[in-house]
$ cat model_19.cif   # mmCIF, C-alpha atoms and all ligand atoms
data_coords
loop_
_atom_site.label_atom_id
_atom_site.label_comp_id
_atom_site.auth_asym_id
_atom_site.auth_seq_id
_atom_site.Cartn_x
_atom_site.Cartn_y
_atom_site.Cartn_z
CA MET G 128 81.49 80.45 103.33
CA LYS G 129 82.32 79.39 99.80
CA GLU G 130 85.37 80.55 97.94
CA ASN G 131 83.35 82.37 95.27
CA ASP G 132 81.76 84.57 97.90
CA PHE G 133 84.81 86.76 97.31
CA LYS G 134 83.63 90.37 97.45
CA GLY G 135 86.79 92.18 98.22
CA ASN G 136 86.57 95.37 100.14
CA TYR G 137 89.95 94.94 101.71
CA HIS G 138 90.09 97.45 104.48
CA ASN G 139 90.13 96.83 108.18
CA ASN G 140 86.74 98.23 108.92
CA ILE G 141 85.09 95.52 106.88
CA GLY G 142 82.97 92.80 108.38
CA PRO G 143 84.18 89.28 108.96
CA ARG G 144 82.63 87.89 105.79
CA ALA G 145 84.58 90.20 103.51
CA SER G 146 87.78 89.65 105.45
CA SER G 147 87.39 85.90 105.06
CA SER G 148 87.28 86.64 101.33
CA LEU G 149 90.55 88.46 101.81
CA TYR G 150 91.94 85.32 103.43
CA PHE G 151 90.85 83.21 100.44
CA PHE G 152 92.50 85.62 98.06
CA LEU G 153 95.73 85.69 100.03
CA GLN G 154 95.75 81.93 100.19
CA LYS G 155 95.86 81.81 96.39
CA ILE G 156 98.70 84.24 95.76
CA PRO G 157 102.22 82.86 95.18
CA LYS G 158 104.36 83.36 98.27
CA VAL G 159 107.99 83.59 99.30
CA GLU G 160 109.06 82.23 102.70
CA LEU G 161 112.54 83.31 103.80
CA HIS G 162 112.36 82.86 107.58
CA ALA G 163 111.23 79.47 108.86
CA HIS G 164 113.01 77.13 111.29
CA LEU G 165 112.53 73.44 110.50
CA ASN G 166 111.96 72.27 114.07
CA GLY G 167 109.60 75.18 114.59
CA CYS G 168 107.43 73.90 111.73
CA ILE G 169 106.46 70.59 113.30
CA ARG G 170 102.71 69.92 113.20
CA PRO G 171 101.44 69.56 116.77
CA GLY G 172 99.76 66.26 115.81
CA THR G 173 103.06 64.89 114.54
CA LEU G 174 104.86 65.88 117.70
CA PHE G 175 102.27 64.02 119.78
CA ALA G 176 102.49 60.97 117.51
CA LEU G 177 106.28 60.93 117.77
CA ALA G 178 106.12 61.41 121.54
CA GLU G 179 103.78 58.44 121.85
CA GLU G 180 105.94 56.30 119.56
CA LYS G 181 109.03 57.11 121.61
CA CYS G 182 107.33 57.00 125.02
CA VAL G 183 108.15 60.64 125.69
CA THR G 184 105.99 62.75 127.98
CA LEU G 185 105.81 66.32 126.72
CA SER G 186 105.23 69.18 129.13
CA SER G 187 101.46 69.69 129.25
CA HIS G 188 101.99 73.38 129.87
CA HIS G 189 103.45 73.91 126.41
CA PHE G 190 102.05 71.09 124.35
CA GLN G 191 98.31 70.59 124.19
CA PRO G 192 96.56 68.31 121.71
CA THR G 193 94.46 70.27 119.19
CA LYS G 194 91.31 69.13 117.45
CA LYS G 195 92.41 70.82 114.25
CA ASN G 196 93.27 68.81 111.18
CA ASP G 197 97.02 69.33 110.96
CA ASN G 198 97.11 68.72 107.22
CA ASP G 199 94.82 71.59 106.60
CA GLN G 200 96.13 74.29 108.87
CA THR G 201 93.81 77.21 109.50
CA LEU G 202 91.72 77.13 106.37
CA ILE G 203 88.73 79.31 107.03
CA GLN G 204 85.49 77.39 106.77
CA GLY G 205 83.11 80.02 108.10
CA ASP G 206 82.87 83.39 109.77
CA ASP G 207 83.27 81.91 113.23
CA ASP G 208 86.75 80.80 112.26
CA GLU G 209 87.79 84.44 112.06
CA ASP G 210 88.06 84.39 115.83
CA ALA G 211 90.48 81.51 115.61
CA LEU G 212 92.69 83.63 113.37
CA LEU G 213 92.46 86.79 115.41
CA TYR G 214 92.93 85.57 118.92
CA ASN G 215 96.11 84.43 120.46
CA VAL G 216 94.58 81.48 122.27
CA GLN G 217 97.91 79.95 123.13
CA PRO G 218 100.37 82.65 124.26
CA ARG G 219 104.02 81.89 123.61
CA SER G 220 106.56 84.02 125.41
CA LEU G 221 110.17 83.91 124.28
CA GLN G 222 110.89 81.61 127.21
CA ASP G 223 107.99 79.31 126.22
CA CYS G 224 109.43 79.00 122.71
CA PHE G 225 112.87 78.01 123.90
CA ASP G 226 111.42 75.61 126.47
CA MET G 227 109.57 73.96 123.58
CA PHE G 228 112.65 73.81 121.37
CA ALA G 229 114.47 72.07 124.20
CA GLU G 230 111.82 69.32 124.30
CA ILE G 231 111.51 68.67 120.57
CA PRO G 232 114.80 66.70 120.15
CA ARG G 233 113.40 64.04 122.51
CA CYS G 234 110.82 63.27 119.79
CA VAL G 235 112.81 64.07 116.67
CA ASN G 236 115.70 61.79 117.50
CA ASP G 237 116.33 59.69 114.39
CA VAL G 238 116.48 59.92 110.61
CA ASP G 239 112.89 58.72 110.16
CA SER G 240 111.39 61.40 112.36
CA LEU G 241 113.62 64.03 110.74
CA ARG G 242 112.44 62.90 107.30
CA ARG G 243 108.85 63.04 108.43
CA ILE G 244 108.96 66.56 109.88
CA THR G 245 110.86 67.87 106.85
CA LEU G 246 108.42 66.39 104.36
CA GLU G 247 105.43 67.67 106.30
CA ALA G 248 106.92 71.14 106.58
CA LEU G 249 107.41 71.26 102.80
CA HIS G 250 103.84 70.06 102.19
CA ASP G 251 102.47 72.67 104.57
CA PHE G 252 104.29 75.54 102.86
CA ALA G 253 103.32 74.30 99.40
CA ALA G 254 99.68 74.05 100.52
CA HIS G 255 99.79 77.81 101.06
CA ASN G 256 101.19 78.40 97.59
CA VAL G 257 104.72 79.11 98.73
CA VAL G 258 106.68 78.97 95.47
CA TYR G 259 110.08 79.68 96.98
CA LEU G 260 111.13 78.43 100.39
CA GLU G 261 114.35 79.02 102.29
CA LEU G 262 114.12 76.68 105.22
CA ARG G 263 116.72 76.92 107.97
CA THR G 264 117.88 74.37 110.47
CA THR G 265 120.65 73.77 113.00
CA PRO G 266 122.47 70.50 112.18
CA LYS G 267 122.24 68.05 115.09
CA VAL G 268 123.62 64.71 116.17
CA LEU G 269 120.37 62.74 116.53
CA ASN G 270 121.77 59.33 117.47
CA ALA G 271 124.67 57.00 116.71
CA GLU G 272 123.51 56.65 113.08
CA CYS G 273 122.80 60.30 112.50
CA ASP G 274 125.58 62.82 112.88
CA LYS G 275 125.38 66.42 111.69
CA ARG G 276 126.37 65.48 108.14
CA THR G 277 123.66 62.83 107.91
CA TYR G 278 121.19 65.30 109.39
CA LEU G 279 121.84 67.77 106.57
CA GLU G 280 121.91 65.02 103.93
CA THR G 281 118.51 63.86 105.14
CA VAL G 282 116.95 67.32 104.91
CA LEU G 283 118.50 67.91 101.49
CA GLY G 284 117.35 64.47 100.31
CA VAL G 285 113.75 65.22 101.29
CA MET G 286 113.94 68.56 99.45
CA ASN G 287 115.17 66.80 96.30
CA GLU G 288 112.42 64.20 96.46
CA PHE G 289 109.79 66.81 97.15
CA GLU G 290 110.76 69.01 94.23
CA GLN G 291 110.76 66.04 91.89
CA SER G 292 107.52 64.47 92.98
CA TYR G 293 105.15 67.11 94.25
CA THR G 294 102.70 68.43 91.68
CA ARG G 295 102.78 71.99 92.94
CA SER G 296 106.06 73.59 92.15
CA MET G 297 108.02 74.92 95.13
CA THR G 298 111.73 75.70 94.89
CA CYS G 299 113.43 74.77 98.18
CA ARG G 300 116.72 76.07 99.51
CA LEU G 301 118.46 75.46 102.82
CA ILE G 302 120.12 77.83 105.28
CA VAL G 303 122.42 76.19 107.83
CA ALA G 304 121.88 77.71 111.25
CA ILE G 305 124.18 78.38 114.18
CA ASP G 306 122.57 78.27 117.61
CA ARG G 307 124.05 81.13 119.63
CA SER G 308 123.34 79.34 122.90
CA LEU G 309 125.78 76.58 121.89
CA SER G 310 129.58 76.59 121.73
CA GLU G 311 131.86 78.23 119.23
CA GLU G 312 133.08 74.75 118.37
CA GLU G 313 129.55 73.74 117.30
CA ALA G 314 129.34 76.88 115.19
CA CYS G 315 132.66 76.07 113.55
CA GLU G 316 131.44 72.55 112.69
CA ASN G 317 128.26 73.94 111.14
CA VAL G 318 130.23 76.35 108.98
CA ASP G 319 132.60 73.55 107.89
CA LEU G 320 129.64 71.42 106.87
CA ALA G 321 127.86 74.21 105.03
CA ILE G 322 131.03 74.98 103.09
CA ALA G 323 131.60 71.29 102.31
CA PHE G 324 128.03 70.87 101.02
CA ARG G 325 128.35 74.07 99.06
CA LYS G 326 131.42 72.66 97.32
CA SER G 327 129.78 69.34 96.52
CA THR G 328 128.22 69.32 93.07
CA LEU G 329 125.17 67.46 94.40
CA SER G 330 124.13 70.13 96.88
CA ALA G 331 125.93 73.29 95.75
CA ASP G 332 122.76 75.09 94.64
CA ARG G 333 120.68 73.89 97.51
CA ILE G 334 122.65 75.32 100.46
CA VAL G 335 122.52 79.07 100.12
CA GLY G 336 123.38 80.65 103.43
CA MET G 337 124.03 80.68 107.14
CA ASP G 338 121.94 82.03 109.97
CA LEU G 339 122.79 83.01 113.51
CA GLY G 340 119.77 82.31 115.71
CA GLY G 341 118.83 80.66 118.97
CA ASN G 342 117.92 82.16 122.31
CA PRO G 343 118.80 85.86 121.95
CA THR G 344 119.50 86.18 125.66
CA ARG G 345 122.38 83.70 125.38
CA GLY G 346 125.76 83.80 123.65
CA ASP G 347 127.46 86.66 121.90
CA PHE G 348 127.75 87.55 118.23
CA HIS G 349 131.39 88.59 118.65
CA CYS G 350 132.61 85.03 119.12
CA PHE G 351 130.62 83.72 116.10
CA ARG G 352 131.69 86.53 113.83
CA PRO G 353 134.94 84.95 112.49
CA HIS G 354 133.07 81.76 111.62
CA LEU G 355 130.36 83.66 109.79
CA GLU G 356 133.04 85.63 107.98
CA ARG G 357 134.59 82.35 106.83
CA ALA G 358 131.20 81.20 105.54
CA ARG G 359 130.77 84.45 103.67
CA GLN G 360 134.20 84.12 102.07
CA ALA G 361 133.12 80.69 100.83
CA GLY G 362 130.17 82.24 99.00
CA LEU G 363 127.41 81.65 101.53
CA ARG G 364 124.96 84.47 102.19
CA ILE G 365 124.45 85.58 105.80
CA THR G 366 121.33 86.35 107.79
CA LEU G 367 121.49 87.31 111.46
CA HIS G 368 118.78 87.28 114.09
CA CYS G 369 119.36 90.79 115.34
CA GLY G 370 117.85 92.89 118.13
CA GLU G 371 115.10 90.37 118.86
CA VAL G 372 114.83 91.44 122.49
CA ALA G 373 115.29 94.70 124.32
CA ASP G 374 117.27 95.15 127.50
CA CYS G 375 114.48 97.11 129.09
CA ASP G 376 111.14 95.78 130.26
CA MET G 377 109.68 94.61 126.98
CA THR G 378 106.12 94.68 128.14
CA SER G 379 106.24 98.40 128.81
CA ASN G 380 104.91 100.80 126.23
CA ILE G 381 107.34 100.38 123.34
CA THR G 382 107.03 102.80 120.50
CA HIS G 383 110.42 103.10 118.89
CA ALA G 384 113.77 101.63 119.68
CA ASP G 385 116.46 103.97 120.88
CA GLU G 386 119.87 103.31 122.31
CA THR G 387 118.53 102.62 125.76
CA SER G 388 115.99 100.04 124.62
CA CYS G 389 118.42 98.25 122.35
CA SER G 390 119.28 94.69 123.14
CA THR G 391 122.90 94.79 124.20
CA TYR G 392 123.64 97.79 122.06
CA SER G 393 127.21 96.87 121.23
CA GLU G 394 126.16 93.49 119.88
CA VAL G 395 123.48 94.96 117.63
CA GLN G 396 125.97 97.55 116.40
CA ALA G 397 128.57 94.84 115.68
CA MET G 398 125.96 92.87 113.73
CA LEU G 399 125.04 95.90 111.64
CA ASP G 400 128.73 96.68 111.04
CA PHE G 401 129.13 93.13 109.75
CA HIS G 402 126.73 94.02 106.89
CA PRO G 403 124.81 90.76 106.71
CA ASP G 404 122.70 90.12 103.62
CA ARG G 405 119.51 90.08 105.68
CA LEU G 406 118.42 90.73 109.25
CA GLY G 407 115.99 88.55 111.19
CA HIS G 408 113.38 90.42 113.28
CA ALA G 409 115.48 93.60 113.89
CA LEU G 410 113.00 94.82 116.49
CA PHE G 411 115.40 96.77 118.68
CA VAL G 412 117.90 98.45 116.43
CA PRO G 413 118.93 102.12 116.86
CA ASN G 414 116.53 104.43 115.04
CA THR G 415 119.37 106.15 113.21
CA PHE G 416 120.24 102.86 111.49
CA TRP G 417 117.06 102.78 109.39
CA SER G 418 117.68 106.11 107.72
CA SER G 419 121.48 106.11 107.56
CA GLN G 420 122.18 103.03 105.45
CA GLU G 421 123.58 103.35 101.96
CA ARG G 422 122.22 99.93 101.06
CA ARG G 423 119.12 99.06 103.05
CA ILE G 424 119.55 95.58 104.54
CA PRO G 425 116.31 93.62 104.02
CA VAL G 426 114.51 92.51 107.17
CA GLU G 427 112.80 89.15 107.61
CA THR G 428 109.82 90.08 109.73
CA CYS G 429 107.58 87.52 111.41
CA PRO G 430 104.41 89.25 112.63
CA THR G 431 102.80 86.59 114.85
CA SER G 432 106.14 85.53 116.30
CA ASN G 433 106.92 89.14 117.26
CA VAL G 434 103.51 89.72 118.82
CA MET G 435 103.94 86.54 120.86
CA THR G 436 107.55 86.87 121.99
CA LEU G 437 107.19 90.58 122.78
CA GLU G 438 103.93 89.71 124.53
CA LEU G 439 102.21 92.58 122.71
CA ALA G 440 98.82 90.90 122.68
CA GLN G 441 98.74 90.61 126.47
CA HIS G 442 97.58 94.21 126.70
CA VAL G 443 94.70 93.72 124.33
CA ARG G 444 93.26 90.47 125.58
CA GLY G 445 95.16 88.30 123.18
CA HIS G 446 94.02 90.07 120.04
CA LEU G 447 96.72 89.42 117.44
CA MET G 448 95.74 92.22 115.12
CA GLU G 449 95.74 94.85 117.84
CA GLY G 450 98.93 93.34 119.23
CA LEU G 451 100.50 93.79 115.82
CA GLN G 452 99.55 97.44 115.82
CA GLN G 453 101.87 97.82 118.84
CA HIS G 454 104.79 96.37 116.86
CA PRO G 455 107.89 98.52 117.44
CA GLN G 456 108.84 98.83 113.75
CA LEU G 457 106.29 97.47 111.29
CA ARG G 458 104.28 100.62 110.72
CA GLU G 459 107.38 102.64 109.99
CA TRP G 460 108.83 99.96 107.73
CA LEU G 461 105.60 99.88 105.75
CA ASP G 462 105.37 103.68 105.58
CA THR G 463 108.96 104.00 104.34
CA GLN G 464 108.68 100.96 102.02
CA TYR G 465 111.60 99.36 103.80
CA PRO G 466 112.71 96.07 102.14
CA LEU G 467 110.78 93.34 103.97
CA ALA G 468 110.17 89.61 103.68
CA ILE G 469 107.22 88.28 105.68
CA GLY G 470 108.00 85.00 107.45
CA THR G 471 106.27 82.53 109.73
CA ASP G 472 109.32 81.81 111.94
CA ASP G 473 107.89 78.77 113.73
CA PRO G 474 104.41 77.93 112.37
CA GLY G 475 104.07 74.88 114.64
CA VAL G 476 104.87 76.87 117.76
CA PHE G 477 102.86 80.00 116.92
CA ASP G 478 99.95 78.22 115.23
CA THR G 479 100.38 80.21 112.05
CA ASN G 480 100.94 79.82 108.32
CA PRO G 481 102.07 82.06 105.44
CA THR G 482 98.52 83.10 104.47
CA LYS G 483 97.63 84.06 108.02
CA GLU G 484 100.73 86.25 108.34
CA LEU G 485 99.78 88.25 105.25
CA TRP G 486 96.17 88.44 106.34
CA LEU G 487 97.10 89.80 109.77
CA LEU G 488 99.36 92.38 108.20
CA CYS G 489 96.59 93.54 105.84
CA ARG G 490 94.09 93.76 108.65
CA ALA G 491 96.37 95.41 111.21
CA PHE G 492 97.80 98.06 108.88
CA ASP G 493 94.89 98.59 106.54
CA LEU G 494 96.79 97.41 103.46
CA ASN G 495 95.02 96.64 100.24
CA VAL G 496 95.76 93.51 98.28
CA SER G 497 97.87 95.16 95.61
CA ILE G 498 100.22 96.47 98.29
CA ILE G 499 100.59 93.07 99.91
CA CYS G 500 101.10 91.44 96.49
CA ARG G 501 103.85 93.94 95.69
CA LEU G 502 105.47 93.33 99.06
CA VAL G 503 105.55 89.57 98.46
CA GLU G 504 106.79 90.00 94.91
CA GLN G 505 109.60 92.31 96.02
CA SER G 506 110.71 89.92 98.75
CA MET G 507 111.90 87.47 96.07
CA GLU G 508 114.64 90.02 95.36
CA TYR G 509 116.14 89.26 98.80
CA ALA G 510 116.35 85.49 98.24
CA PHE G 511 119.75 83.83 98.52
CA CYS G 512 119.40 81.54 95.48
CA ASP G 513 121.36 82.07 92.26
CA GLU G 514 120.35 84.96 89.99
CA ALA G 515 118.90 82.79 87.19
CA THR G 516 116.55 80.99 89.59
CA LYS G 517 115.61 84.30 91.17
CA ARG G 518 114.76 85.97 87.84
CA ARG G 519 112.74 82.95 86.68
CA LEU G 520 110.72 82.90 89.89
CA GLN G 521 110.26 86.67 89.87
CA GLU G 522 108.73 86.44 86.39
CA ASP G 523 106.46 83.56 87.40
CA ILE G 524 105.34 85.32 90.56
CA HIS G 525 104.71 88.57 88.71
CA GLU G 526 102.57 86.87 86.05
CA GLU G 527 100.54 84.92 88.58
CA MET G 528 99.99 87.97 90.77
CA LEU G 529 98.80 89.98 87.77
CA LEU G 530 96.33 87.31 86.76
CA LEU G 531 94.96 87.02 90.28
CA LEU G 532 94.68 90.80 90.71
CA GLN G 533 93.01 91.15 87.32
CA SER G 534 90.46 88.44 87.99
CA ASN G 535 89.82 90.11 91.32
CA GLN G 536 89.34 93.49 89.64
CA GLY G 537 87.05 91.82 87.13
CA LYS G 538 84.78 91.28 90.08
CA GLY G 539 84.91 95.04 90.61
CA SER G 540 86.57 94.84 93.94
CA CYS G 541 90.26 95.53 94.07
CA GLU G 542 91.57 98.83 95.38
CA ASP G 543 94.98 99.83 94.10
C1 LIG L 601 115.79 82.85 117.54
C2 LIG L 601 114.89 80.83 116.90
C3 LIG L 601 113.58 81.36 116.99
O1 LIG L 601 117.16 74.88 113.86
O2 LIG L 601 116.23 73.06 115.29
N1 LIG L 601 114.78 79.55 116.53
N2 LIG L 601 115.97 81.57 117.17
N3 LIG L 601 114.58 83.41 117.66
C4 LIG L 601 113.45 82.71 117.41
N4 LIG L 601 112.25 83.33 117.59
C5 LIG L 601 111.11 82.75 118.18
N5 LIG L 601 112.73 80.40 116.63
C6 LIG L 601 113.47 79.31 116.34
O3 LIG L 601 114.76 74.96 114.59
C7 LIG L 601 114.54 75.37 115.92
C8 LIG L 601 115.63 76.32 116.33
O4 LIG L 601 115.54 77.54 115.60
C9 LIG L 601 115.93 78.64 116.38
C10 LIG L 601 116.33 78.08 117.74
O5 LIG L 601 117.71 77.82 117.74
C11 LIG L 601 115.54 76.78 117.78
O6 LIG L 601 116.09 75.84 118.69
P1 LIG L 601 115.96 74.01 114.14
O7 LIG L 601 115.45 73.30 112.94
#
$ encode --input "model_19.cif" --output "structure tokens"
Amino acid sequence: MKENDFKGNYHNNIGPRASSSLYFFLQKIPKVELHAHLNGCIRPGTLFALAEEKCVTLSSHHFQPTKKNDNDQTLIQGDDDEDALLYNVQPRSLQDCFDMFAEIPRCVNDVDSLRRITLEALHDFAAHNVVYLELRTTPKVLNAECDKRTYLETVLGVMNEFEQSYTRSMTCRLIVAIDRSLSEEEACENVDLAIAFRKSTLSADRIVGMDLGGNPTRGDFHCFRPHLERARQAGLRITLHCGEVADCDMTSNITHADETSCSTYSEVQAMLDFHPDRLGHALFVPNTFWSSQERRIPVETCPTSNVMTLELAQHVRGHLMEGLQQHPQLREWLDTQYPLAIGTDDPGVFDTNPTKELWLLCRAFDLNVSIICRLVEQSMEYAFCDEATKRRLQEDIHEEMLLLLQSNQGKGSCED
């Protein structure tokens, strides 16, 4: 299929050819990525190359070589490739993901490999027309030469170089993450570093926030709360992975979250009471929360990640789109126009990219392109960067979206 085959009937009941056109269109629109973990972005090919270089044997259960060209992730070449987008060929349970994250540091164990994965991640987002990226990462001691400070300096250095040298313009910001499965002491160190970088004139604009993530079945928000409060007082914005898992059997027929299906209800409640600037995932949050807020807290939602970790596609033979239709919240969020930012979470782990996430959402919930464009455009409002940068990017995104939608309508195809 060629790009100019674009015909544009954008509803779900369309044939594969027209929906590939939808993919091409979505690839072109400017995007905003607010939820991506650096070590979850590693190209599978790079991980294998690093493993070979460092004589590391990766678990064959989780890591399988792919034939795909890693530089050109999931670009549709023909109708057959639709299947590759729709089917969850490599299931990733929550446990699988965290098993994989535990193996990655054996390969990414020095400044060079950190530089490489950061640069590749930035290239991969820019290739999908991401114009604003908030990447997050947990600072790590990689070896004797690379402590947590050097780790962050390296990531920030790559972002600076990338912005200066890459022809496509992508504004990059960094969120420093706390891993809830690690100690409070580690969390305290990460907050200290984020605050120190925030105060330094060289990186003040670049570091915008803090995240609490990591295995949701480990650790407890209550002990990280004072550290996050300290970060907030220092001007950092806060996003919390919240209600990512339910206490009950997650594979049973989930429709809506209630108090009994909430992941450790008191923790979720404490997170909501903390009033973070954004919530990550928010899959199992009491129903009353969504309607009772004075100021609706934006949610970073990651469609493929949720389908995988909630194992929603298991019931429908690995079909991502149908899995997504079982999502506990997405339909309601879309119906109520809840503030959302669509993220990839871990594109290397879930074999996804920013275009694919939007495409799946359109297909699963029968959205037309103008709705998805508006959703992307609005998500820039929830970015953690300074107001001037935000307004500038909002104007650029708006103009580019308009041009793309108009040229699409010129072909007599767009449904508003
Ligand atoms: C919670 C996640 C995550 O920080 O080493 N991470 N935390 N839920 C998820 N859903 C699948 N996916 C990734 O990137 C990898 C780390 O990000 C967090 C975990 O702490 C993981 O170890 P960095 O760059």
$ residues_around --input "model_19.cif" --residues "range 259-266 of chain G" --least-positions-apart "6" --cutoff "6 Å" --atoms "only C-alpha atoms" --output "VMD selection string"
chain G and resid 159 to 161 163 to 165 275 297 to 305
$ write_last_selection --input "model_19.cif" --atoms "C-alpha atoms" --output "PDB file, in the coordinates of the input"
ATOM      1  CA  VAL G 159     107.990  83.590  99.300  1.00  0.00           C
ATOM      2  CA  GLU G 160     109.060  82.230 102.700  1.00  0.00           C
ATOM      3  CA  LEU G 161     112.540  83.310 103.800  1.00  0.00           C
ATOM      4  CA  ALA G 163     111.230  79.470 108.860  1.00  0.00           C
ATOM      5  CA  HIS G 164     113.010  77.130 111.290  1.00  0.00           C
ATOM      6  CA  LEU G 165     112.530  73.440 110.500  1.00  0.00           C
ATOM      7  CA  LYS G 275     125.380  66.420 111.690  1.00  0.00           C
ATOM      8  CA  MET G 297     108.020  74.920  95.130  1.00  0.00           C
ATOM      9  CA  THR G 298     111.730  75.700  94.890  1.00  0.00           C
ATOM     10  CA  CYS G 299     113.430  74.770  98.180  1.00  0.00           C
ATOM     11  CA  ARG G 300     116.720  76.070  99.510  1.00  0.00           C
ATOM     12  CA  LEU G 301     118.460  75.460 102.820  1.00  0.00           C
ATOM     13  CA  ILE G 302     120.120  77.830 105.280  1.00  0.00           C
ATOM     14  CA  VAL G 303     122.420  76.190 107.830  1.00  0.00           C
ATOM     15  CA  ALA G 304     121.880  77.710 111.250  1.00  0.00           C
ATOM     16  CA  ILE G 305     124.180  78.380 114.180  1.00  0.00           C
TER      17      ILE G 305
END
$ closest_atom_pairs --input "model_19.cif" --of "chain G" --to "ligand LIG 601 (chain L)" --cutoff "7 Å" --atoms "only C-alpha atoms and all ligand atoms" --output "JSON lines"
{"residue": "G:His164", "atom": "CA", "partner": "L:LIG601", "partner_atom": "O3", "distance": 4.3}
{"residue": "G:Leu165", "atom": "CA", "partner": "L:LIG601", "partner_atom": "O7", "distance": 3.8}
{"residue": "G:Asn166", "atom": "CA", "partner": "L:LIG601", "partner_atom": "O7", "distance": 3.8}
{"residue": "G:Gly167", "atom": "CA", "partner": "L:LIG601", "partner_atom": "C7", "distance": 5.1}
{"residue": "G:Leu221", "atom": "CA", "partner": "L:LIG601", "partner_atom": "C5", "distance": 6.3}
{"residue": "G:Cys224", "atom": "CA", "partner": "L:LIG601", "partner_atom": "C5", "distance": 6.1}
{"residue": "G:Phe225", "atom": "CA", "partner": "L:LIG601", "partner_atom": "O6", "distance": 6.5}
{"residue": "G:Phe228", "atom": "CA", "partner": "L:LIG601", "partner_atom": "O6", "distance": 4.8}
{"residue": "G:Ala229", "atom": "CA", "partner": "L:LIG601", "partner_atom": "O6", "distance": 6.9}
{"residue": "G:Arg263", "atom": "CA", "partner": "L:LIG601", "partner_atom": "O1", "distance": 6.2}
{"residue": "G:Thr264", "atom": "CA", "partner": "L:LIG601", "partner_atom": "O1", "distance": 3.5}
{"residue": "G:Thr265", "atom": "CA", "partner": "L:LIG601", "partner_atom": "O1", "distance": 3.8}
{"residue": "G:Ala304", "atom": "CA", "partner": "L:LIG601", "partner_atom": "O1", "distance": 6.1}
{"residue": "G:Asp306", "atom": "CA", "partner": "L:LIG601", "partner_atom": "O5", "distance": 4.9}
{"residue": "G:Gly340", "atom": "CA", "partner": "L:LIG601", "partner_atom": "N2", "distance": 4.1}
{"residue": "G:Gly341", "atom": "CA", "partner": "L:LIG601", "partner_atom": "O5", "distance": 3.3}
{"residue": "G:Asn342", "atom": "CA", "partner": "L:LIG601", "partner_atom": "C1", "distance": 5.3}
{"residue": "G:Pro343", "atom": "CA", "partner": "L:LIG601", "partner_atom": "C1", "distance": 6.1}
{"residue": "G:His368", "atom": "CA", "partner": "L:LIG601", "partner_atom": "C1", "distance": 6.4}
{"residue": "G:Ser432", "atom": "CA", "partner": "L:LIG601", "partner_atom": "C5", "distance": 6.0}
{"residue": "G:Thr436", "atom": "CA", "partner": "L:LIG601", "partner_atom": "C5", "distance": 6.6}
{"residue": "G:Asp472", "atom": "CA", "partner": "L:LIG601", "partner_atom": "N5", "distance": 6.0}
{"residue": "G:Asp473", "atom": "CA", "partner": "L:LIG601", "partner_atom": "N5", "distance": 5.9}
$ residues_around --input "model_19.cif" --residues "Asp513 in chain G" --least-positions-apart "6" --cutoff "10 Å" --atoms "only C-alpha atoms" --output "PyMOL selection string"
chain G and resi 332-333+335
$ atom_distance --input "model_19.cif" --atom1 "CA of Tyr150 in chain G" --atom2 "CA of Ile244 in chain G"
26.1 Å
$ residues_near_point --input "model_19.cif" --point "(104.0, 71.4, 104.2)" --cutoff "12 Å" --atoms "all atoms listed in the file" --output "MDAnalysis selection string"
chainID G and resid 163 165 168:170 197:200 243:258 260 262 285:286 289 293 295 297 299 474:475 480:481
$ closest_residue --input "model_19.cif" --among "G:Glu394, G:Glu272, G:Gln217, G:Val426" --to "Asp237 in chain G" --atoms "all atoms listed in the file"
G:Glu272
$ closest_residue --input "model_19.cif" --among "G:Cys512, G:Cys273, G:Val268, G:Met398" --to "Phe348 in chain G" --atoms "only C-alpha atoms"
G:Met398
$ atom_distance --input "model_19.cif" --atom1 "CA of Leu279 in chain G" --atom2 "CA of Ile334 in chain G"
9.7 Å
$ axis_aligned_box --input "model_19.cif" --around "range 282-297 of chain G" --padding-each-side "8 Å" --output "lines of an AutoDock Vina configuration file"
center_x = 110.6
center_y = 69.6
center_z = 98.3
size_x = 31.8
size_y = 26.7
size_z = 29.2
$ atom_distance --input "model_19.cif" --atom1 "CA of Asn236 in chain G" --atom2 "CA of Gln191 in chain G"
20.6 Å
$ closest_residue --input "model_19.cif" --among "G:Glu280, G:Glu180, G:Glu313, G:Asp223" --to "Val235 in chain G" --atoms "all atoms listed in the file"
G:Glu180
$ residues_around --input "model_19.cif" --residues "Pro353 in chain G" --least-positions-apart "3" --cutoff "12 Å" --atoms "only C-alpha atoms" --output "count of residues only"
14
$ closest_residue --input "model_19.cif" --among "G:Ser220, G:Tyr509, G:Ala331, G:Leu520" --to "Arg405 in chain G" --atoms "all atoms listed in the file"
G:Tyr509
$ residues_around --input "model_19.cif" --residues "range 501-503 of chain G" --least-positions-apart "3" --cutoff "12 Å" --atoms "all atoms listed in the file" --output "PyMOL selection string"
chain G and resi 153+156-161+257-259+425+427-428+460-461+464-470+481-482+484-485+488-489+494-498+506-510+521+524-525+527-529+532+543
$ closest_residue --input "model_19.cif" --among "G:Glu514, G:Asp400, G:Asp478, G:Asp493" --to "Phe190 in chain G" --atoms "only C-alpha atoms"
G:Asp478
$ residues_around --input "model_19.cif" --residues "Leu329 in chain G" --least-positions-apart "6" --cutoff "12 Å" --atoms "all atoms listed in the file" --output "list in words"
Glu280, Leu283, Gly284, Asn287 and Ala323 of chain G
